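Following: one structure in structure tokens, then a few remarks.
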Amino acid sequence: MNADPSPCPVALLLLWILCTPLPNAFSASAPPPEREGKALYAGVSPENFEVQSGQVSPRETFSDLLTPHGVSMTRAVQLARAVRPTFDVRNVRPGQTYQVYVNPWLQQVQYLVYRIDPVRSVVFDVRNPSRSHVERRAVQQDWTLVRGTIENSLYETLRGNDTHPALALRLSEVFAWQIDFFRLHEGDSFRVLYERRRVDGERIQPGRIIAAAVVHKENQFHGFRFETGEEDRYFNREGESLRRTLLKAPLRYSRISSGFTYNRDHPILDRSMPHTGVDYAAPRGTPVWAVGSGVVLKAQYAGPNGNYVKIRHNETYSSAYLHLANFADGITPGTRVQQGETIGYVGSTGRSTGPHLDYRLWKRGKPVDPYAIDLPPSRPVDPQNRDAFERLVEDRMSRFEGTGAMLLAHGGAWDIPDGVVQAHRSGLRTALQRGRNALLNGSGALDVVTAVVAALEADGAFDAGCGAMLNQDGEVELDAGVMDGTTLDYGAVMATKKVAHPVRVARRLLDAGEGRVRMLAAEGAERFAEIEGLEMVQNHQLVCERERTRYEQLREAVDQRHPSTSFLPGTPEGSTGADTVGCVARDVNGRLAAATSTGGTPFKPPGRVGDSPLPGAGFYATDTGAAGATGWGEAISAVVLSQRAVADLAGDAHPEPVARERLLHMHRAVQNPEGAGATGGLLLLTADGRGAWAHSTPRMARGGWRAGEQPWVEV
């Protein structure tokens with residue numbers, strides 16, 4: 001029986017360290033290189049282990065996570081030492097998740113994986129501590145635009161737009177010198193172009209704000225991030241710096257509980273008194289910033305004012321911060337502080353009824369209302385950078401206005417009967433309106449094509465979703481695909497019977513992350529959709545009366561011609577319809593995407609797959625162009641119609657002749673059993689926003705929208 005050696009004094013000291021939680025965030029020591037790893041299990045395959053998941057409880061330490069699994073304190077010390085340059089185990093935090101990987105044969109712990117944040121996890125190798133390391137998940141980052149009008153608060157408006165609420169803090173920092181975000185009110189609006197960040201489809205905190213526009217009290221404020229050579233700063237449309245000599249507020253987004261006045265009913269003394277400051281209600285411990293650079297005059301306890309700091313900024317301005325819980329490290333009289341530096345933390349010391357900050361400002365020794373004075377800006381854009389800045393502003397403003405955003409959608413190309421033309425027009429118009437609104441709200445092309453196709457799936461007028469044609473068994477089988485032109489990532493599903501919106505399942509496959517499965521069929525796709533929490537239905541819920549009638553007519557005709565046949569390898573003679581739906585889009589950032597969905601041909605053999613879920617055939621997108629096809633799926637697949645069309649767009653080719661030529665090539669290259677050439681329809685959209693469509697069928701249901709114009713629909 002093996003026994004761990006007795007711990008030495010150094011080990012005992014380390015044991016004390018790892019069992020003692022730290023009060024604040026991570027160690028400030030510079031981290032060593034970190035390994036890139038798989039996203040879901042932090043580089044550890046779960047296939048050969050029993051995986052036990054848990055969540056750190058209050059007061060639970062690193063060693064507490066290991067001892068229930070028979071890991072000795074000595075080994076816990078070794079693991080702590082192995083990762084100490086990168087991660088201090090005293091930073092294990094309540095609420096964070098972890099997984100324990102147990103060897104099922106030996107019933108011994110092999111790994112403990114602790115999740116630091118959505119990007120980083122620590123892999124503790126219990127058997128070989130020296131192999132412990134921090135694993136990083138790949139972060140996908142792109143620019144996206146969000147806009148909204150405030151109804152209750154900025155925070156709630158962002159959440160309602162499916163945007164990470166941390167963007168509210170980023171925005172308040174950009175306009176910290178111009179706008180009091182505590183006083184935003186109903187009717188104020190914003191547009192923000194920012195770095196959206198995701199890990200395996202999971203939204204994480206946003207990156208930098210690229211540009212922003214806020215309308216507050218009918219005044220419009222713009223901020224454009226511009227590299228000045230020394231640092232990235234924000235400027236208005238005229239090139240003036242947004243930075244002022246003093247911040248507008250001394251702490252992050254909160255609320256004002258009492259304003260500047262010479263006549264306030266004191267909440268404790270119960271008499272009218274001047275209140276020559278602004279009270280901010282905020283949680284205890286909220287960091288308080290110096291509103292400007294300067295020298296600390298006082299940092300002390302002062303009776304009714306409690307713990308307070310007073311700073312002299314220049315000959316004109318001084319500021320004070322009252323009722324602090326405590327001072328930040330190093331804040332003593334004579335210390336020089338920088339604008340935005342933390343000087344203390346919100347508390348309730350002195351004469352106070354609860355946690356808040358009382359902020360005071362003096363101008364030449366006289367108290368002033370911080371919100372009633374106009375402060376001069378810092379340095380503007382350097383004259384030698386002026387041209388570059390104006391080009392940047394022009395680009396960002398075009399993104400705000402949606403210039404260049406465009407989408408095209410189709411509802412199939414075939415001999416569409418007169419009796420259903422109006423339903424096709426109505427369904428396309430509704431779907432296009434949804435796509436238009438999404439683009440104007442800053443959604444990316446991938447989100448837009450998914451939303452448009454999902455709307456067509458839900459309409460019932462098209463051969464997709466709840467309007468799909470039935471196979472020879474009288475069931476609905478759905479196919480769909482979606483592709484990102486920037487990354488060439490795609491997702492596709494086929495032969496699904498229990499999914500309400502197959503395009504959303506395809507999209508979720510695309511979002512699943514690098515190295516994952518991209519295509520799933522039948523029960524595999526349905527199982528994935530159910531795990532992902534997507535809408536599931538019974539097959540009969542997808543069957544509409546129109547298609548049930550069509551199926552019964554075809555079933556009767558087939559039974560008369562082929563009475564002993566239960567399975568036909570192809571579509572029976574006399575059946576028509578090619579109502580595949582699809583969409584291509586270009587967003588305000590110039591990104592392209594394509595998506596398609598279908599129920600296939602009428603009375604198709606069970607399990608038949610056409611072009612719709614095949615990237616390159618039914619849909620395709622690159623940074624050059626995006627394409628969506630409809631028609632005879634076998635022929636479209638044979639000539640790889642969508643991919644070839646996009647390839648032909650290289651060299652500034654116009655999309656309209658390209659679409660016509662590609663359909664003509666398919667017509668000549670592929671013939672049906674009766675000897676007729678293959679027919680279909682095609683949408684094409686270029687990177688510079690030129691769109692076109694073509695069809696070799698009697699009719700094609702199609703429509704589109706371009707920024708600055710109204711949606712249009714034709715059949």
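Following the order of the structure tokens, first chain is A, next is B, and so on, with residues numbered from 1 inside each chain and ligands from 1 in the order they appear.
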(request) Quick one: everything within 12 Å of Pro657 (chain A), counting only C-alpha atoms, minus sequence neighbours fewer than 3 positions away in the same chain. Send it as a PyMOL selection string. (result) chain A and resi 645+648-649+653-654+660-664+682-684+691-695
Restricting it to N, CA, C and O atoms, dump the selection as a PDB file, in the first residue's frame.
ATOM      1  N   ALA A 645     -21.928  28.839 -58.999  1.00  0.00           N
ATOM      2  CA  ALA A 645     -22.400  30.201 -59.246  1.00  0.00           C
ATOM      3  C   ALA A 645     -21.595  31.220 -58.448  1.00  0.00           C
ATOM      4  O   ALA A 645     -21.196  32.273 -58.961  1.00  0.00           O
ATOM      5  N   ASP A 648     -18.212  31.752 -59.926  1.00  0.00           N
ATOM      6  CA  ASP A 648     -18.240  32.577 -61.140  1.00  0.00           C
ATOM      7  C   ASP A 648     -18.316  34.066 -60.838  1.00  0.00           C
ATOM      8  O   ASP A 648     -18.116  34.894 -61.741  1.00  0.00           O
ATOM      9  N   LEU A 649     -18.621  34.436 -59.587  1.00  0.00           N
ATOM     10  CA  LEU A 649     -18.709  35.857 -59.231  1.00  0.00           C
ATOM     11  C   LEU A 649     -17.331  36.499 -59.081  1.00  0.00           C
ATOM     12  O   LEU A 649     -17.221  37.721 -58.988  1.00  0.00           O
ATOM     13  N   ALA A 653     -17.710  39.836 -61.639  1.00  0.00           N
ATOM     14  CA  ALA A 653     -18.769  39.448 -62.563  1.00  0.00           C
ATOM     15  C   ALA A 653     -20.123  39.881 -62.026  1.00  0.00           C
ATOM     16  O   ALA A 653     -20.354  39.871 -60.818  1.00  0.00           O
ATOM     17  N   HIS A 654     -21.042  40.252 -62.917  1.00  0.00           N
ATOM     18  CA  HIS A 654     -22.375  40.653 -62.484  1.00  0.00           C
ATOM     19  C   HIS A 654     -23.196  39.403 -62.185  1.00  0.00           C
ATOM     20  O   HIS A 654     -23.159  38.428 -62.934  1.00  0.00           O
ATOM     21  N   ARG A 660     -28.156  33.169 -64.815  1.00  0.00           N
ATOM     22  CA  ARG A 660     -28.773  32.631 -66.030  1.00  0.00           C
ATOM     23  C   ARG A 660     -27.909  31.545 -66.661  1.00  0.00           C
ATOM     24  O   ARG A 660     -28.395  30.484 -67.063  1.00  0.00           O
ATOM     25  N   GLU A 661     -26.606  31.806 -66.745  1.00  0.00           N
ATOM     26  CA  GLU A 661     -25.696  30.847 -67.377  1.00  0.00           C
ATOM     27  C   GLU A 661     -25.617  29.544 -66.588  1.00  0.00           C
ATOM     28  O   GLU A 661     -25.547  28.456 -67.164  1.00  0.00           O
ATOM     29  N   ARG A 662     -25.650  29.649 -65.278  1.00  0.00           N
ATOM     30  CA  ARG A 662     -25.568  28.433 -64.468  1.00  0.00           C
ATOM     31  C   ARG A 662     -26.826  27.571 -64.622  1.00  0.00           C
ATOM     32  O   ARG A 662     -26.747  26.338 -64.689  1.00  0.00           O
ATOM     33  N   LEU A 663     -27.985  28.191 -64.674  1.00  0.00           N
ATOM     34  CA  LEU A 663     -29.217  27.438 -64.890  1.00  0.00           C
ATOM     35  C   LEU A 663     -29.248  26.820 -66.282  1.00  0.00           C
ATOM     36  O   LEU A 663     -29.711  25.682 -66.471  1.00  0.00           O
ATOM     37  N   LEU A 664     -28.754  27.556 -67.273  1.00  0.00           N
ATOM     38  CA  LEU A 664     -28.697  27.030 -68.633  1.00  0.00           C
ATOM     39  C   LEU A 664     -27.756  25.837 -68.712  1.00  0.00           C
ATOM     40  O   LEU A 664     -28.050  24.828 -69.374  1.00  0.00           O
ATOM     41  N   LEU A 682     -32.547  30.329 -58.948  1.00  0.00           N
ATOM     42  CA  LEU A 682     -31.304  30.639 -58.243  1.00  0.00           C
ATOM     43  C   LEU A 682     -31.305  32.087 -57.774  1.00  0.00           C
ATOM     44  O   LEU A 682     -31.666  32.997 -58.536  1.00  0.00           O
ATOM     45  N   LEU A 683     -30.918  32.293 -56.508  1.00  0.00           N
ATOM     46  CA  LEU A 683     -30.659  33.628 -55.963  1.00  0.00           C
ATOM     47  C   LEU A 683     -29.155  33.813 -55.841  1.00  0.00           C
ATOM     48  O   LEU A 683     -28.439  32.898 -55.439  1.00  0.00           O
ATOM     49  N   LEU A 684     -28.665  35.021 -56.146  1.00  0.00           N
ATOM     50  CA  LEU A 684     -27.244  35.333 -56.015  1.00  0.00           C
ATOM     51  C   LEU A 684     -27.084  36.708 -55.395  1.00  0.00           C
ATOM     52  O   LEU A 684     -27.802  37.651 -55.756  1.00  0.00           O
ATOM     53  N   GLY A 691     -27.521  42.115 -56.154  1.00  0.00           N
ATOM     54  CA  GLY A 691     -28.319  40.903 -56.092  1.00  0.00           C
ATOM     55  C   GLY A 691     -28.970  40.586 -57.416  1.00  0.00           C
ATOM     56  O   GLY A 691     -29.207  41.472 -58.249  1.00  0.00           O
ATOM     57  N   ALA A 692     -29.262  39.299 -57.629  1.00  0.00           N
ATOM     58  CA  ALA A 692     -29.935  38.875 -58.856  1.00  0.00           C
ATOM     59  C   ALA A 692     -30.627  37.550 -58.623  1.00  0.00           C
ATOM     60  O   ALA A 692     -30.328  36.839 -57.657  1.00  0.00           O
ATOM     61  N   TRP A 693     -31.552  37.216 -59.508  1.00  0.00           N
ATOM     62  CA  TRP A 693     -32.253  35.950 -59.465  1.00  0.00           C
ATOM     63  C   TRP A 693     -32.554  35.544 -60.904  1.00  0.00           C
ATOM     64  O   TRP A 693     -32.622  36.369 -61.812  1.00  0.00           O
ATOM     65  N   ALA A 694     -32.732  34.267 -61.092  1.00  0.00           N
ATOM     66  CA  ALA A 694     -33.081  33.739 -62.411  1.00  0.00           C
ATOM     67  C   ALA A 694     -33.826  32.435 -62.203  1.00  0.00           C
ATOM     68  O   ALA A 694     -33.643  31.754 -61.193  1.00  0.00           O
ATOM     69  N   HIS A 695     -34.682  32.086 -63.149  1.00  0.00           N
ATOM     70  CA  HIS A 695     -35.381  30.804 -63.066  1.00  0.00           C
ATOM     71  C   HIS A 695     -35.708  30.317 -64.472  1.00  0.00           C
ATOM     72  O   HIS A 695     -35.937  31.108 -65.395  1.00  0.00           O
TER      73      HIS A 695
END
(message) Report as a VMD selection string all protein, DNA and RNA residues lying within 10 Å of Phe327 (chain A), evaluated on only C-alpha atoms, omitting residues in the same chain fewer than 6 positions from it.
(response) chain A and resid 287 to 288 299 to 300 307 to 309 342 to 346
Output file for the selection above: all heavy atoms, as a CSV table (one decimal), in the first residue's frame:
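Final output, out-v7.csv:
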chain,number,residue,atom,x,y,z
A,287,PRO,N,-16.7,49.8,-6.7
A,287,PRO,CA,-15.6,50.7,-6.8
A,287,PRO,C,-16.0,52.2,-7.2
A,287,PRO,O,-16.9,52.4,-7.9
A,287,PRO,CB,-14.8,50.1,-8.0
A,287,PRO,CG,-15.2,48.7,-8.1
A,287,PRO,CD,-16.7,48.7,-7.7
A,288,VAL,N,-15.3,53.1,-6.5
A,288,VAL,CA,-15.5,54.5,-6.7
A,288,VAL,C,-14.2,55.1,-7.4
A,288,VAL,O,-13.1,54.8,-7.0
A,288,VAL,CB,-15.7,55.3,-5.4
A,288,VAL,CG1,-15.8,56.8,-5.6
A,288,VAL,CG2,-17.0,54.7,-4.7
A,299,ALA,N,-7.8,61.7,3.1
A,299,ALA,CA,-8.3,60.3,3.0
A,299,ALA,C,-8.5,59.9,4.5
A,299,ALA,O,-7.5,59.4,5.1
A,299,ALA,CB,-7.4,59.4,2.2
A,300,GLN,N,-9.6,60.1,5.1
A,300,GLN,CA,-9.8,59.9,6.5
A,300,GLN,C,-11.2,59.8,6.9
A,300,GLN,O,-12.1,59.9,6.0
A,300,GLN,CB,-9.2,61.2,7.2
A,300,GLN,CG,-10.0,62.5,6.9
A,300,GLN,CD,-9.4,63.7,7.4
A,300,GLN,OE1,-8.2,63.9,7.2
A,300,GLN,NE2,-10.2,64.5,8.1
A,307,ASN,N,-15.9,57.8,6.1
A,307,ASN,CA,-14.7,57.7,5.3
A,307,ASN,C,-14.8,58.5,4.0
A,307,ASN,O,-15.8,58.2,3.2
A,307,ASN,CB,-14.4,56.2,5.0
A,307,ASN,CG,-14.0,55.4,6.2
A,307,ASN,OD1,-13.4,55.9,7.1
A,307,ASN,ND2,-14.4,54.1,6.2
A,308,TYR,N,-13.9,59.5,3.8
A,308,TYR,CA,-14.1,60.2,2.6
A,308,TYR,C,-12.7,60.6,2.1
A,308,TYR,O,-11.7,60.6,2.8
A,308,TYR,CB,-14.9,61.5,2.9
A,308,TYR,CG,-14.2,62.7,3.3
A,308,TYR,CD1,-14.1,63.8,2.4
A,308,TYR,CD2,-13.6,62.9,4.6
A,308,TYR,CE1,-13.4,65.0,2.8
A,308,TYR,CE2,-13.0,64.0,4.9
A,308,TYR,CZ,-12.9,65.1,4.1
A,308,TYR,OH,-12.2,66.2,4.4
A,309,VAL,N,-12.7,60.8,0.8
A,309,VAL,CA,-11.5,61.2,0.0
A,309,VAL,C,-11.8,62.6,-0.7
A,309,VAL,O,-12.8,62.8,-1.3
A,309,VAL,CB,-11.1,60.2,-1.0
A,309,VAL,CG1,-9.9,60.7,-1.9
A,309,VAL,CG2,-10.8,58.8,-0.4
A,342,THR,N,-9.5,53.7,-9.2
A,342,THR,CA,-10.3,53.4,-8.0
A,342,THR,C,-9.7,54.0,-6.8
A,342,THR,O,-8.5,53.7,-6.5
A,342,THR,CB,-10.5,51.9,-7.9
A,342,THR,OG1,-11.1,51.3,-9.0
A,342,THR,CG2,-11.3,51.5,-6.6
A,343,ILE,N,-10.4,54.8,-6.0
A,343,ILE,CA,-9.9,55.4,-4.8
A,343,ILE,C,-10.6,54.9,-3.5
A,343,ILE,O,-10.1,55.1,-2.4
A,343,ILE,CB,-10.1,56.9,-4.9
A,343,ILE,CG1,-11.6,57.3,-5.1
A,343,ILE,CG2,-9.3,57.5,-6.0
A,343,ILE,CD1,-11.9,58.7,-4.9
A,344,GLY,N,-11.7,54.1,-3.7
A,344,GLY,CA,-12.4,53.6,-2.5
A,344,GLY,C,-13.6,52.8,-3.0
A,344,GLY,O,-13.7,52.5,-4.2
A,345,TYR,N,-14.4,52.4,-2.0
A,345,TYR,CA,-15.5,51.5,-2.3
A,345,TYR,C,-16.8,52.0,-1.6
A,345,TYR,O,-16.7,52.5,-0.4
A,345,TYR,CB,-15.2,50.1,-1.9
A,345,TYR,CG,-13.9,49.6,-2.5
A,345,TYR,CD1,-12.7,49.8,-1.9
A,345,TYR,CD2,-14.0,49.0,-3.8
A,345,TYR,CE1,-11.5,49.3,-2.5
A,345,TYR,CE2,-12.8,48.5,-4.4
A,345,TYR,CZ,-11.6,48.7,-3.8
A,345,TYR,OH,-10.5,48.3,-4.4
A,346,VAL,N,-17.9,51.9,-2.2
A,346,VAL,CA,-19.2,52.4,-1.7
A,346,VAL,C,-19.5,51.7,-0.3
A,346,VAL,O,-19.3,50.5,-0.2
A,346,VAL,CB,-20.3,52.1,-2.7
A,346,VAL,CG1,-21.7,52.3,-2.0
A,346,VAL,CG2,-20.2,52.9,-3.9
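Between Arg183 (chain A) and the residues A:Asn161, A:Ser153, A:Gln108, A:Thr679, the shortest atom-to-atom distance, using only C-alpha atoms, involves A:Ser153.
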(message) I'd like the neighbourhood of Ser597 (chain A) as a PyMOL selection string, where a residue qualifies if any of its atoms comes within 8 Å (using only C-alpha atoms), though same-chain residues fewer than 5 positions away should be ignored.
(response) chain A and resi 453+457+464-465+478-481+502-503+580-582+612-613
(message) Quick one: residues within 9 Å of region 393-405 of chain A, only C-alpha atoms, excluding same-chain residues fewer than 2 positions away - as a ChimeraX atom specification?
(response) /A:145,147,191-193,210-213,224,237,388-391,407,436,439-442,445,585-590,688-689,705-708
Restricting it to C-alpha atoms, dump the selection as a PDB file, in the first residue's frame.
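New file again_4.pdb:
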ATOM      1  CA  LEU A 145     -24.779  46.365 -34.503  1.00  0.00           C
ATOM      2  CA  ARG A 147     -30.039  49.433 -31.622  1.00  0.00           C
ATOM      3  CA  ARG A 191     -27.044  52.388 -31.796  1.00  0.00           C
ATOM      4  CA  VAL A 192     -23.885  50.506 -30.871  1.00  0.00           C
ATOM      5  CA  LEU A 193     -21.402  48.767 -33.164  1.00  0.00           C
ATOM      6  CA  ILE A 210     -16.291  50.331 -32.271  1.00  0.00           C
ATOM      7  CA  ALA A 211     -18.766  53.183 -32.599  1.00  0.00           C
ATOM      8  CA  ALA A 212     -21.889  54.352 -30.802  1.00  0.00           C
ATOM      9  CA  ALA A 213     -24.676  56.899 -31.150  1.00  0.00           C
ATOM     10  CA  PHE A 224     -16.004  56.669 -32.768  1.00  0.00           C
ATOM     11  CA  ARG A 237     -18.155  63.420 -35.491  1.00  0.00           C
ATOM     12  CA  ALA A 388      -8.247  58.803 -42.051  1.00  0.00           C
ATOM     13  CA  PHE A 389     -10.640  59.756 -39.256  1.00  0.00           C
ATOM     14  CA  GLU A 390     -13.219  61.192 -41.675  1.00  0.00           C
ATOM     15  CA  ARG A 391     -13.115  57.999 -43.756  1.00  0.00           C
ATOM     16  CA  LEU A 407     -31.436  40.274 -48.491  1.00  0.00           C
ATOM     17  CA  ARG A 436     -35.420  43.763 -42.790  1.00  0.00           C
ATOM     18  CA  LEU A 439     -30.814  43.912 -40.377  1.00  0.00           C
ATOM     19  CA  LEU A 440     -31.846  47.389 -39.255  1.00  0.00           C
ATOM     20  CA  ASN A 441     -31.431  46.285 -35.650  1.00  0.00           C
ATOM     21  CA  GLY A 442     -27.858  45.260 -36.399  1.00  0.00           C
ATOM     22  CA  ALA A 445     -26.327  37.928 -41.945  1.00  0.00           C
ATOM     23  CA  ALA A 585     -28.250  38.154 -46.958  1.00  0.00           C
ATOM     24  CA  ARG A 586     -25.533  40.771 -46.591  1.00  0.00           C
ATOM     25  CA  ASP A 587     -25.362  42.627 -43.279  1.00  0.00           C
ATOM     26  CA  VAL A 588     -24.085  46.121 -42.505  1.00  0.00           C
ATOM     27  CA  ASN A 589     -20.593  44.718 -41.920  1.00  0.00           C
ATOM     28  CA  GLY A 590     -20.469  43.136 -45.372  1.00  0.00           C
ATOM     29  CA  ASP A 688     -20.607  44.515 -52.654  1.00  0.00           C
ATOM     30  CA  GLY A 689     -24.391  44.211 -52.367  1.00  0.00           C
ATOM     31  CA  TRP A 705     -35.013  44.316 -49.552  1.00  0.00           C
ATOM     32  CA  ARG A 706     -32.153  46.809 -49.732  1.00  0.00           C
ATOM     33  CA  ALA A 707     -31.300  49.508 -47.171  1.00  0.00           C
ATOM     34  CA  GLY A 708     -33.152  52.719 -47.966  1.00  0.00           C
TER      35      GLY A 708
END
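Separating CA of Val543 (chain A) from CA of Arg555 (chain A) is a distance of 15.6 Å.
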(message) What does the structure give for the distance between CA of Lys248 (chain A) and CA of Ala176 (chain A), in Å to one decimal?
(response) 5.5 Å
(message) Which of region 613-677 of chain A end up as strand (DSSP E) when DSSP is run on this backbone - answer as a PyMOL selection string?
(response) chain A and resi 619-621+625-631
Selected residues written out, N, CA and C atoms, as a PDB file, in the first residue's frame:
ATOM      1  N   PHE A 619     -27.300  25.500 -51.227  1.00  0.00           N
ATOM      2  CA  PHE A 619     -26.919  26.775 -50.611  1.00  0.00           C
ATOM      3  C   PHE A 619     -25.397  26.859 -50.542  1.00  0.00           C
ATOM      4  N   TYR A 620     -24.889  28.082 -50.539  1.00  0.00           N
ATOM      5  CA  TYR A 620     -23.440  28.270 -50.440  1.00  0.00           C
ATOM      6  C   TYR A 620     -23.154  29.741 -50.177  1.00  0.00           C
ATOM      7  N   ALA A 621     -22.099  29.997 -49.396  1.00  0.00           N
ATOM      8  CA  ALA A 621     -21.715  31.384 -49.117  1.00  0.00           C
ATOM      9  C   ALA A 621     -20.224  31.454 -48.824  1.00  0.00           C
ATOM     10  N   GLY A 625     -19.595  35.812 -52.393  1.00  0.00           N
ATOM     11  CA  GLY A 625     -21.009  35.839 -52.713  1.00  0.00           C
ATOM     12  C   GLY A 625     -21.766  34.773 -51.952  1.00  0.00           C
ATOM     13  N   ALA A 626     -23.106  34.830 -52.065  1.00  0.00           N
ATOM     14  CA  ALA A 626     -23.984  33.849 -51.434  1.00  0.00           C
ATOM     15  C   ALA A 626     -25.032  33.431 -52.444  1.00  0.00           C
ATOM     16  N   ALA A 627     -25.403  32.138 -52.406  1.00  0.00           N
ATOM     17  CA  ALA A 627     -26.353  31.608 -53.384  1.00  0.00           C
ATOM     18  C   ALA A 627     -27.347  30.689 -52.700  1.00  0.00           C
ATOM     19  N   GLY A 628     -28.569  30.650 -53.245  1.00  0.00           N
ATOM     20  CA  GLY A 628     -29.600  29.727 -52.795  1.00  0.00           C
ATOM     21  C   GLY A 628     -30.332  29.180 -53.998  1.00  0.00           C
ATOM     22  N   ALA A 629     -30.461  27.855 -54.086  1.00  0.00           N
ATOM     23  CA  ALA A 629     -31.054  27.215 -55.256  1.00  0.00           C
ATOM     24  C   ALA A 629     -32.384  26.561 -54.912  1.00  0.00           C
ATOM     25  N   THR A 630     -33.209  26.355 -55.930  1.00  0.00           N
ATOM     26  CA  THR A 630     -34.473  25.646 -55.788  1.00  0.00           C
ATOM     27  C   THR A 630     -34.777  24.957 -57.107  1.00  0.00           C
ATOM     28  N   GLY A 631     -35.467  23.821 -57.052  1.00  0.00           N
ATOM     29  CA  GLY A 631     -35.780  23.084 -58.271  1.00  0.00           C
ATOM     30  C   GLY A 631     -35.550  21.600 -58.097  1.00  0.00           C
TER      31      GLY A 631
END
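When DSSP reads the backbone of this structure, the residues of region 70-229 of chain A it assigns to alpha helix (DSSP H) are Met73, Thr74, Arg75, Ala76, Val77, Gln78, Leu79, Ala80, Arg81, Ala82, Val83, Leu154, Tyr155, Glu156, Thr157, Leu158, Arg159, Gly160, Leu167, Ala168, Leu169, Arg170, Leu171, Ser172, Glu173 and Val174 of chain A.
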Store the residues picked out above, limited to C-alpha atoms, as a compact mmCIF listing (two decimals), in the first residue's frame.
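As written to disk, part-v4.txt reads:
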# COMPACT_ATOMS: atom_id res chain seq x y z
CA MET A 73 -3.80 16.96 1.10
CA THR A 74 -0.23 16.41 -0.07
CA ARG A 75 -1.39 15.78 -3.62
CA ALA A 76 -3.67 18.81 -3.43
CA VAL A 77 -0.61 20.90 -2.47
CA GLN A 78 1.29 19.51 -5.46
CA LEU A 79 -1.56 20.39 -7.80
CA ALA A 80 -1.79 23.90 -6.37
CA ARG A 81 1.96 24.42 -6.86
CA ALA A 82 1.80 23.10 -10.43
CA VAL A 83 -0.67 25.77 -11.61
CA LEU A 154 -30.69 50.53 -20.80
CA TYR A 155 -29.94 47.19 -19.15
CA GLU A 156 -33.42 45.79 -19.80
CA THR A 157 -33.49 47.14 -23.37
CA LEU A 158 -30.22 45.39 -24.19
CA ARG A 159 -31.49 42.14 -22.69
CA GLY A 160 -34.65 42.48 -24.75
CA LEU A 167 -22.59 46.31 -23.03
CA ALA A 168 -24.40 48.87 -20.85
CA LEU A 169 -21.22 49.31 -18.82
CA ARG A 170 -19.07 49.58 -21.94
CA LEU A 171 -21.37 52.24 -23.34
CA SER A 172 -21.41 54.25 -20.11
CA GLU A 173 -17.61 54.27 -20.17
CA VAL A 174 -17.46 55.61 -23.76
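You can rank A:Gly239, A:Gly277, A:Pro104, A:Pro355 by their closest distance to Arg379 (chain A) using only C-alpha atoms, and at the top of that list sits A:Gly239.
Put simply, CA of Trp105 (chain A) is 16.1 Å away from CA of Val126 (chain A).
Shortest atom-to-atom contact with Pro606 (chain A) among A:Leu470, A:Ala638, A:Ala461, A:Leu247: A:Leu470, counting only C-alpha atoms.
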(message) I'd like to know which of A:Gln384, A:Ser642, A:Ser63, A:Thr335 is closest to Ala659 (chain A), using only C-alpha atoms.
(response) A:Ser642
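For Val109 (chain A), the set of protein, DNA and RNA residues having any atom at most 8 Å away, when counting only C-alpha atoms and skipping those fewer than 5 positions along the same chain, is His69, Val71, Val100, Tyr101, Val102, Asn103, Val126 and Arg127 of chain A.
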(message) Using only C-alpha atoms for the distances, tell me which of A:Gln472, A:Ser348, A:Ser189, A:Gln110 is nearest to Glu218 (chain A).
(response) A:Ser189
